[in-house]
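First up is the structure itself, then whatever we jot down about it.
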Amino acid sequence: MKQADCIIIGGGIAGIQAAIQLGRYKHDIIVIDSAQGRSSIAKAYHNILGWPDGVSGKQLRTLGRQHAEKFGVEFTDDTVTSLEKKQDKFFIQTKNDREYQAKMIFLGTGITDNIPPIKNIYSTLGTSTYICPDCDGYEIMDKQTVVLGGGNTGAGMALTLLYWSKDIIYVNHLKSKIDDEYRDKLTANHIPVIEEEVCEVHVDANQELTGIELVSGKIIRAEKAFTAFKGNNLNNDLALQLGVQVNENNHVVVHPRTKETNIKGVWAGGDLVAHSEQVTISMGDGTQSAIWIHKRLLGHPLPYD
C-alpha cells in the first residue's frame, strides 16, 4: 500500500494547483486523476491572466503537471472507487485495484457537463461552442449564435446571452416544456425557438463551428453556439462516502478561509465547491487549501480547532 502526506483526487486545475503548492512545501504528494474533467475537453479558456490569446485545458494541465513533477509530485492515471477514514488516516481503493493511505485528502473531482453526443460538438468546445456565459459570453459579441438546450434552461441561457448579442436562436433540442413566462420573454426579445433535435454541428477546416444541422435536414448558419442542458453531474460521490457536508445544490461545503470540509483532514476546491465554476477560482482554491493542509501536516491548529 502506497502512502503519502496528502492524496489529491482529481488532476484538474484545482488539484494540480494544490499539488504545485504542496510539492513546494516538500510534502509527499500523489495525484490520482481519471482524466474525465471539464478541463480535459475544453479547447480554449480566454479569461485567464497571462493567456490573452487563450489556452486549452489540455495545455494548462500538461504544463501544470510538469510544474508539479519538478517538486516530486507523483501522478497516476486511475479512478478512485472507495474513500474511507479510519481514525486519523484515509484509505483509498481504485479501479485498477491499487490501494493508498494518506494523512490528508484534497477533493478536486469537479463536475461533468451534460452535453448530448451531437456529432462534432466536442471538437468545438471552447473555440466556438461554449458552456459558461461568465467565461465566454464575450466571445459571441454581436455574432450569430445558436443556443442548444432544453426547456427553461436553454431559454434562460438565450435570454442571458442578449447582453452580448441580439442575434440569438434557441434550438430546444430536447423539446422540453418551456414555461409561458420564458416564451413571452423570448418572443419579446425576438429570439426564434426551434423545437427540433440537432444531429450535427457543422465545422470548417479549423474545427470552428459554421452552423448546425437539424434532424429534418435543415441547416442553421451560425458563428457561435452555447449549450444549456440540465443534469450536470457534481462528482461528489467520494465526498458523500466520507460524510462530507453538501449544500442544496450538492456542492461541497468548505470553510471560507481554509477550504477544509466538515471532515477533519479533507479539503475540497474547484467546481466541486464553487457554483461559479471558473478556472481562476479553482486555482485559488487549490493554493488556499494547500496552505492549510501544510499547517495541518505540521500539527498547527486551524482557526476553528
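To be explicit about the labels: the chains of the C-alpha cells are called A, B, and onward in the order shown, and within each one the residues are counted from 1, while ligands get numbers from 1 in the order they are shown.
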Q) If you count only C-alpha atoms, which residues fall within 12 Å of A:Phe90, apart from same-chain ones fewer than 6 positions away, as a count of residues only? A) 26
Tell me which protein, DNA and RNA residues are within 12 Å of A:Gly151, counting only C-alpha atoms, leaving out same-chain ones fewer than 3 positions away, and put them as a compact mmCIF listing (two decimals) with C-alpha atoms, in the first residue's frame.
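Okay, selection-v5.txt is ready:
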# COMPACT_ATOMS: atom_id res chain seq x y z
CA VAL A 147 -28.28 28.04 -28.13
CA LEU A 148 -28.59 24.25 -27.99
CA GLY A 154 -31.95 26.77 -22.71
CA ALA A 155 -34.45 29.62 -22.73
CA GLY A 156 -32.73 31.20 -19.76
CA MET A 157 -29.35 30.91 -21.48
CA ALA A 158 -30.68 32.52 -24.65
CA TYR A 170 -32.80 28.91 -29.44
CA VAL A 171 -32.99 25.27 -30.54
CA ASN A 172 -34.93 23.27 -27.96
CA HIS A 173 -33.02 20.08 -28.76
CA LEU A 174 -34.78 18.09 -26.05
CA LYS A 175 -38.19 19.51 -27.00
CA SER A 176 -38.79 20.02 -23.28
CA LYS A 177 -41.58 22.22 -21.97
CA ILE A 178 -40.85 25.94 -21.95
CA ASP A 179 -42.95 27.86 -19.44
CA ASP A 180 -45.10 30.71 -20.71
CA GLU A 181 -43.04 33.22 -18.75
CA TYR A 182 -39.93 32.24 -20.70
CA ARG A 183 -41.76 32.01 -24.03
CA VAL A 193 -37.44 28.99 -30.89
CA ILE A 194 -36.98 25.82 -32.93
CA GLU A 195 -38.43 22.64 -31.45
CA GLU A 196 -36.25 20.04 -33.13
CA ALA A 228 -27.64 24.72 -21.94
CA PHE A 229 -28.89 21.40 -20.61
CA LYS A 230 -29.97 20.44 -17.13
**Q.** Selection: 10 Å around A:Arg257, only C-alpha atoms, excl. self and same-chain fewer than 6 positions, as a ChimeraX atom specification
**A.** /A:285,288-289,292,302-303
Output of the above residues as a PDB file, in the first residue's frame, restricted to C-alpha atoms:
ATOM      1  CA  ASP A 285      -8.971  27.057  -4.104  1.00  0.00           C
ATOM      2  CA  GLN A 288      -5.563  28.155  -0.378  1.00  0.00           C
ATOM      3  CA  SER A 289      -6.259  24.545   0.515  1.00  0.00           C
ATOM      4  CA  TRP A 292      -3.809  25.000   5.332  1.00  0.00           C
ATOM      5  CA  LEU A 302      -6.555  25.858  12.447  1.00  0.00           C
ATOM      6  CA  PRO A 303      -8.725  28.890  13.309  1.00  0.00           C
TER       7      PRO A 303
END
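With atom CA of A:Asp271 on one side and atom CA of A:Leu49 on the other, the separation reads 18.8 Å.
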Q. Do you know which residues are at most 12 Å from A:Lys58 counting only C-alpha atoms, after dropping those on the same chain fewer than 2 positions away, and could you put them as a count of residues only?
A. 24
Q) Could you pull the residues within 9 Å of A:Asp77, counting only C-alpha atoms, minus those fewer than 2 positions along the same chain, as an NGL selection string? A) :A and (11 or 31-35 or 75 or 79)
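Close contacts of A:Val215, defined as residues with an atom at most 7 Å away when counting only C-alpha atoms, with chain neighbours fewer than 3 positions off set aside, comprise Glu197, Val198 and Cys199 of chain A.
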Can you write out the residues you just picked, keeping all heavy atoms, as an mmCIF file, in the first residue's frame?
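And here is the file that came out, out19.cif:
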data_model
loop_
_atom_site.group_PDB
_atom_site.id
_atom_site.type_symbol
_atom_site.label_atom_id
_atom_site.label_comp_id
_atom_site.auth_asym_id
_atom_site.auth_seq_id
_atom_site.Cartn_x
_atom_site.Cartn_y
_atom_site.Cartn_z
ATOM 1 N N GLU A 197 -34.569 18.337 -32.811
ATOM 2 C CA GLU A 197 -33.270 17.824 -32.398
ATOM 3 C C GLU A 197 -32.176 18.231 -33.383
ATOM 4 O O GLU A 197 -32.417 18.375 -34.580
ATOM 5 C CB GLU A 197 -33.306 16.296 -32.300
ATOM 6 C CG GLU A 197 -34.163 15.770 -31.173
ATOM 7 C CD GLU A 197 -34.133 14.258 -31.111
ATOM 8 O OE1 GLU A 197 -33.170 13.661 -31.647
ATOM 9 O OE2 GLU A 197 -35.074 13.671 -30.550
ATOM 10 N N VAL A 198 -30.988 18.380 -32.838
ATOM 11 C CA VAL A 198 -29.801 18.662 -33.650
ATOM 12 C C VAL A 198 -29.086 17.336 -33.901
ATOM 13 O O VAL A 198 -28.870 16.558 -32.968
ATOM 14 C CB VAL A 198 -28.850 19.636 -32.919
ATOM 15 C CG1 VAL A 198 -27.595 19.888 -33.746
ATOM 16 C CG2 VAL A 198 -29.579 20.941 -32.602
ATOM 17 N N CYS A 199 -28.699 17.079 -35.145
ATOM 18 C CA CYS A 199 -27.994 15.827 -35.434
ATOM 19 C C CYS A 199 -26.503 16.036 -35.665
ATOM 20 O O CYS A 199 -25.715 15.097 -35.532
ATOM 21 C CB CYS A 199 -28.617 15.121 -36.640
ATOM 22 S SG CYS A 199 -28.450 15.997 -38.201
#
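Between atom CA of A:Gly50 and atom CA of A:Met283 the separation is 13.6 Å.
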